[in-house]
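Student: If it helps, the file is called work.txt and holds compact mmCIF, C-alpha atoms:
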```
# COMPACT_ATOMS: atom_id res chain seq x y z
CA GLN A 1 -31.51 -105.20 -33.59
CA ARG A 2 -27.76 -105.89 -33.52
CA GLY A 3 -28.17 -108.89 -35.85
CA PHE A 4 -29.18 -106.69 -38.77
CA ASP A 5 -26.27 -105.53 -40.95
CA ALA A 6 -27.05 -102.63 -43.24
CA PRO A 7 -25.29 -102.36 -46.60
CA GLU A 8 -21.95 -100.62 -46.55
CA GLY A 9 -23.25 -97.54 -48.43
CA LEU A 10 -26.29 -97.13 -46.16
CA ARG A 11 -24.61 -97.84 -42.82
CA SER A 12 -25.10 -94.96 -40.42
CA PRO A 13 -21.98 -93.41 -38.89
CA PHE A 14 -23.80 -93.16 -35.54
CA PRO A 15 -23.60 -96.15 -33.17
CA LEU A 16 -26.97 -97.85 -32.62
CA GLU A 17 -27.02 -97.43 -28.88
CA ARG A 18 -26.20 -93.72 -29.14
CA SER A 19 -28.40 -92.91 -32.15
CA THR A 20 -31.20 -90.43 -31.79
CA PRO A 21 -34.16 -89.90 -34.15
CA GLY A 22 -32.87 -86.45 -35.03
CA ALA A 23 -29.39 -87.71 -35.90
CA THR A 24 -30.79 -90.63 -37.92
CA ASN A 25 -33.14 -88.36 -39.87
CA LEU A 26 -30.30 -85.91 -40.51
CA TYR A 27 -28.11 -88.70 -41.86
CA LEU A 28 -30.84 -90.19 -44.06
CA GLY A 29 -31.80 -86.74 -45.37
CA GLY A 30 -28.20 -85.99 -46.35
CA LEU A 31 -27.91 -89.42 -47.98
CA ALA A 32 -31.08 -88.79 -50.00
CA ARG A 33 -29.80 -85.41 -51.22
CA GLN A 34 -26.47 -86.94 -52.22
CA SER A 35 -28.24 -89.65 -54.27
CA MET A 36 -30.12 -87.09 -56.40
CA ILE A 37 -28.86 -86.23 -59.86
CA LEU A 38 -29.47 -82.52 -59.16
CA PRO A 39 -29.53 -82.06 -55.35
CA GLN A 40 -32.15 -79.60 -54.16
CA PRO A 41 -30.81 -76.93 -51.76
CA ASP A 42 -32.23 -76.85 -48.24
CA GLY A 43 -33.63 -73.31 -48.70
CA ALA A 44 -35.31 -73.90 -52.08
CA ASN A 45 -38.81 -73.86 -50.56
CA LEU A 46 -38.34 -70.66 -48.57
CA PRO A 47 -40.99 -67.96 -49.06
CA PRO A 48 -40.00 -64.97 -51.19
CA THR A 49 -38.29 -62.07 -49.48
CA ARG A 50 -39.77 -58.60 -49.08
CA PHE A 51 -37.51 -57.33 -51.84
CA ALA A 52 -38.76 -60.08 -54.18
CA LEU A 53 -42.40 -59.19 -53.48
CA LYS A 54 -41.69 -55.49 -54.07
CA ALA A 55 -39.81 -56.29 -57.29
CA ARG A 56 -42.58 -58.58 -58.58
CA PRO A 57 -44.51 -55.79 -60.42
CA TRP A 58 -41.29 -54.63 -62.10
CA PHE A 59 -40.53 -58.22 -63.06
CA ILE A 60 -44.01 -58.60 -64.60
CA GLY A 61 -43.61 -55.29 -66.44
CA LEU A 62 -40.28 -56.30 -67.97
CA LEU A 63 -41.73 -59.68 -68.93
CA CYS A 64 -44.69 -58.01 -70.66
CA ILE A 65 -42.43 -55.63 -72.60
CA HIS A 66 -40.25 -58.57 -73.60
CA THR A 67 -43.37 -60.38 -74.84
CA VAL A 68 -44.28 -57.41 -77.06
CA VAL A 69 -40.71 -57.29 -78.41
CA THR A 70 -40.84 -61.03 -79.11
CA LEU A 71 -44.09 -60.56 -81.04
CA GLY A 72 -42.41 -57.83 -83.08
CA ARG A 73 -39.48 -60.12 -83.89
CA PHE A 74 -41.90 -62.82 -84.99
CA LEU A 75 -43.72 -60.39 -87.31
CA MET A 76 -40.34 -59.41 -88.80
CA LEU A 77 -39.74 -63.13 -89.47
CA ASP A 78 -36.75 -63.17 -87.11
CA ILE A 79 -37.30 -66.84 -86.25
CA TRP A 80 -33.89 -67.50 -84.68
CA GLY A 81 -34.36 -64.48 -82.42
CA THR A 82 -37.93 -65.43 -81.53
CA ILE A 83 -37.16 -68.96 -80.30
CA PRO A 84 -34.80 -67.99 -77.40
CA SER A 85 -37.12 -65.09 -76.53
CA LEU A 86 -40.01 -67.56 -76.18
CA LEU A 87 -37.90 -69.72 -73.90
CA ILE A 88 -37.18 -66.68 -71.73
CA ILE A 89 -40.90 -65.91 -71.52
CA MET A 90 -41.64 -69.50 -70.48
CA MET A 91 -38.99 -69.33 -67.77
CA GLY A 92 -40.43 -66.04 -66.55
CA ILE A 93 -43.85 -67.68 -66.29
CA PHE A 94 -42.28 -70.46 -64.20
CA VAL A 95 -40.88 -67.82 -61.85
CA LEU A 96 -44.34 -66.32 -61.28
CA ALA A 97 -46.44 -69.52 -61.36
CA THR A 98 -45.13 -71.16 -58.19
CA GLY A 99 -48.00 -69.95 -55.99
CA VAL A 100 -45.70 -68.24 -53.45
CA GLY A 101 -45.00 -65.04 -55.34
CA MET A 102 -41.63 -65.68 -56.97
CA ASP A 103 -39.39 -68.73 -57.20
CA THR A 104 -35.74 -67.83 -56.64
CA GLY A 105 -34.43 -71.00 -58.30
CA TYR A 106 -36.22 -70.32 -61.58
CA CYS A 107 -35.31 -66.66 -61.16
CA LEU A 108 -31.63 -67.59 -61.35
CA TYR A 109 -32.15 -69.54 -64.58
CA PHE A 110 -34.24 -66.69 -65.99
CA GLY A 111 -31.47 -64.20 -65.28
CA LEU A 112 -28.81 -66.34 -66.91
CA MET A 113 -30.92 -66.83 -70.04
CA CYS A 114 -31.63 -63.09 -70.26
CA LEU A 115 -27.95 -62.25 -69.83
CA VAL A 116 -26.75 -64.60 -72.57
CA ASN A 117 -29.51 -63.66 -75.01
CA GLY A 118 -29.02 -59.95 -74.26
CA ILE A 119 -25.33 -60.16 -75.17
CA PHE A 120 -26.13 -61.83 -78.49
CA ASP A 121 -28.92 -59.34 -79.26
CA GLU A 122 -26.54 -56.46 -78.58
CA ILE A 123 -24.05 -57.96 -81.04
CA ILE A 124 -26.84 -58.29 -83.63
CA PHE A 125 -27.86 -54.65 -83.14
CA VAL A 126 -24.29 -53.37 -83.57
CA GLU A 127 -23.71 -55.55 -86.64
CA ARG A 128 -26.97 -54.35 -88.19
CA ALA A 129 -26.12 -50.69 -87.49
CA VAL A 130 -22.65 -51.01 -89.02
CA HIS A 131 -23.60 -52.85 -92.20
CA SER A 132 -26.88 -51.04 -92.94
CA LYS A 133 -26.98 -48.35 -95.64
CA HIS A 134 -29.28 -46.25 -93.43
CA TYR A 135 -28.81 -44.77 -90.01
CA VAL A 136 -30.33 -46.59 -87.04
CA PHE A 137 -33.34 -44.28 -87.32
CA ASP A 138 -33.62 -42.60 -90.70
CA ARG A 139 -36.45 -40.46 -92.07
CA ASN A 140 -35.69 -41.61 -95.59
CA ALA A 141 -35.88 -45.28 -94.62
CA PRO A 142 -39.12 -47.28 -94.72
CA ILE A 143 -41.27 -47.42 -91.60
CA ALA A 144 -40.61 -51.15 -91.24
CA PHE A 145 -36.87 -50.44 -91.05
CA ASN A 146 -37.30 -47.93 -88.20
CA VAL A 147 -39.65 -50.28 -86.34
CA ALA A 148 -37.12 -53.09 -86.70
CA SER A 149 -34.37 -50.79 -85.41
CA ALA A 150 -36.50 -49.97 -82.35
CA VAL A 151 -37.12 -53.68 -81.69
CA PHE A 152 -33.44 -54.60 -81.99
CA LEU A 153 -32.53 -51.68 -79.73
CA VAL A 154 -35.08 -52.37 -76.98
CA ALA A 155 -34.60 -56.16 -76.89
CA PRO A 156 -31.06 -56.25 -75.37
CA LEU A 157 -31.87 -53.37 -72.98
CA ILE A 158 -34.91 -55.19 -71.59
CA GLU A 159 -33.01 -58.48 -71.30
CA ILE A 160 -30.06 -56.92 -69.46
CA ALA A 161 -32.44 -55.08 -67.12
CA ALA A 162 -34.36 -58.31 -66.43
CA ALA A 163 -31.09 -60.18 -65.80
CA SER A 164 -29.98 -57.52 -63.30
CA LEU A 165 -33.32 -57.65 -61.47
CA ALA A 166 -33.28 -61.45 -61.34
CA ALA A 167 -29.71 -61.42 -59.99
CA ALA A 168 -30.69 -58.93 -57.27
CA ILE A 169 -33.67 -61.10 -56.24
CA TYR A 170 -31.54 -64.25 -56.10
CA ILE A 171 -28.73 -62.61 -54.12
CA ASP A 172 -31.21 -61.18 -51.61
CA ALA A 173 -32.83 -64.62 -51.14
CA SER A 174 -29.41 -66.25 -50.66
CA GLU A 175 -28.45 -63.71 -47.99
CA GLN A 176 -31.73 -64.28 -46.15
CA GLU A 177 -31.18 -68.04 -46.26
CA SER A 178 -27.68 -67.60 -44.81
CA GLN A 179 -29.05 -65.46 -41.97
CA MET A 180 -31.66 -68.11 -41.19
CA LEU A 181 -29.00 -70.84 -41.06
CA LEU A 182 -26.65 -68.95 -38.73
CA PRO A 183 -28.73 -69.52 -35.53
CA ASN A 184 -28.86 -73.26 -36.30
CA VAL A 185 -25.07 -73.40 -36.65
CA ALA A 186 -24.57 -71.51 -33.39
CA GLN A 187 -27.04 -73.81 -31.61
CA SER A 188 -25.24 -76.89 -32.93
CA GLU A 189 -21.87 -75.59 -31.68
CA TYR A 190 -23.37 -74.81 -28.26
CA ALA A 191 -24.87 -78.31 -28.03
CA TYR A 192 -21.52 -79.86 -28.98
CA HIS A 193 -19.60 -77.97 -26.28
CA ALA A 194 -22.30 -78.75 -23.70
CA ARG A 195 -22.12 -82.46 -24.54
CA GLN A 196 -18.35 -82.41 -24.31
CA ALA A 197 -18.54 -80.72 -20.88
CA THR A 198 -20.95 -83.32 -19.44
CA SER A 199 -19.38 -86.37 -21.07
CA ASP A 200 -17.57 -88.98 -18.94
CA GLU A 201 -14.99 -89.65 -21.63
CA PRO A 202 -11.47 -88.37 -20.95
CA GLN A 203 -10.99 -84.86 -22.28
CA PHE A 204 -7.88 -83.39 -23.80
CA GLN A 205 -5.98 -81.27 -21.28
CA LYS A 206 -3.46 -78.78 -22.49
CA PHE A 207 -0.11 -78.55 -20.74
CA THR A 208 -0.21 -76.05 -17.87
CA GLY A 209 3.16 -76.70 -16.27
CA ARG A 210 6.40 -74.79 -16.47
CA ALA A 211 8.53 -75.14 -19.57
CA HIS A 212 12.25 -75.98 -19.25
CA HIS A 213 15.00 -75.64 -21.83
CA LEU A 214 17.07 -78.77 -22.49
```
Could you render the structure as structure tokens?
Tutor:
Amino acid sequence: QRGFDAPEGLRSPFPLERSTPGATNLYLGGLARQSMILPQPDGANLPPTRFALKARPWFIGLLCIHTVVTLGRFLMLDIWGTIPSLLIIMMGIFVLATGVGMDTGYCLYFGLMCLVNGIFDEIIFVERAVHSKHYVFDRNAPIAFNVASAVFLVAPLIEIAAASLAAAIYIDASEQESQMLLPNVAQSEYAYHARQATSDEPQFQKFTGRAHHL
């Protein structure tokens, strides 16, 4: 086996006679993640947390209300407002269609899209309220005007609420992943110190003698 020379980029940092299957798999796994265009985090396939499962009905409710608002914008011929709203709905479906309850990775993207679109929709609502000749809700205005005002008012509120819920779900999943990784880190440190204690290699000894001034 010593006659085989691996390429420089694939050469393992572990000596062949000291390599273990676990160390080799760890090295190859890290190399595979580094070679990806978008590396996948180690905890991406974790099951959803309890908070995510409890928040799932609220997430579905906000997504349904956002779908109704998007339909209203389409009927008002607000095409440029309907397109990003449809993208948000598609991303929300991706969050729920993973088969495990909720996908935290797609949930992060969903929250970012809702936040950005909510900010723009809020600007549109304020601009419409300032430049309109009617109040936001006016009895003397046509019914279509009041319905449009309700749609433009509800849209940013729903998107900001959905962004906040998605952020809470993602933060909770990240904290759970960190707690699951802590025992592995502690076990690795314990194994390192145990190996250093039983190793025959010379160990570093700190100076224990008496100090003298020159």
Student: Check the smallest atom-to-atom distance from each of A:Ile60, A:Leu165, A:Ala141, A:Ala173 to Gly105 of chain A using all atoms listed in the file, then report the winner.
Tutor: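 Once distances to Gly105 of chain A are computed over all atoms listed in the file, the minimum belongs to A:Ala173.
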Student: For each of A:Val68, A:Leu87, A:Ile79, A:Val95, take the minimum atom-to-atom distance to Tyr170 of chain A, counting only C-alpha atoms, then give the residue where this is smallest.
Tutor: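 Using only C-alpha atoms, Tyr170 of chain A sits closest to A:Val95.
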Student: What separation in Å, quoted to one decimal, exists between atom CA of Asp78 of chain A and atom CA of Val151 of chain A?
Tutor: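 That distance, rounded to one decimal, is 10.9 Å.
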Student: Taking only C-alpha atoms into account, which of A:Phe94, A:Ala144, A:Phe125, A:Met102 comes nearest Arg50 of chain A?
Tutor: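 Looking at the shortest contact to Arg50 of chain A, the residue is A:Met102.
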Student: Excluding Ala161 of chain A and residues on its chain fewer than 4 positions from it, collect all residues at most 10 Å away from it, counting all atoms listed in the file, and give them as a PyMOL selection string.
Tutor: chain A and resi 59+62+111+114-115+118+156-157+165-167
Student: What separation in Å, quoted to one decimal, exists between atom CA of Ser149 of chain A and atom CA of Met91 of chain A?
Tutor: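 Here the two named atoms are 26.0 Å from each other.
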Student: Which is closer to Phe110 of chain A than all the others in A:Cys64, A:Trp80, A:Ser164, A:Ala211, using only C-alpha atoms?
Tutor: A:Ser164
Student: What's around Leu63 of chain A at 9 Å? Count only C-alpha atoms, leave out sequence neighbours fewer than 6 positions away in its own chain, and write the answer as a PyMOL selection string.
Tutor: chain A and resi 88-89+92-93+158+162
Student: Between atom CA of Phe74 of chain A and atom CA of Thr98 of chain A, what is the spacing in Å?
Tutor: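 If I compute the distance from atom CA of Thr98 of chain A to atom CA of Phe74 of chain A, I get 28.3 Å.
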Student: Go through A:Leu86, A:Cys107, A:Leu71, A:Leu96 one by one, measure the shortest atom-to-atom distance of each to Ile171 of chain A using all atoms listed in the file, and give the residue with the smallest value.
Tutor: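 Checking each of A:Leu86, A:Cys107, A:Leu71, A:Leu96 against Ile171 of chain A, counting all atoms listed in the file, the winner is A:Cys107.
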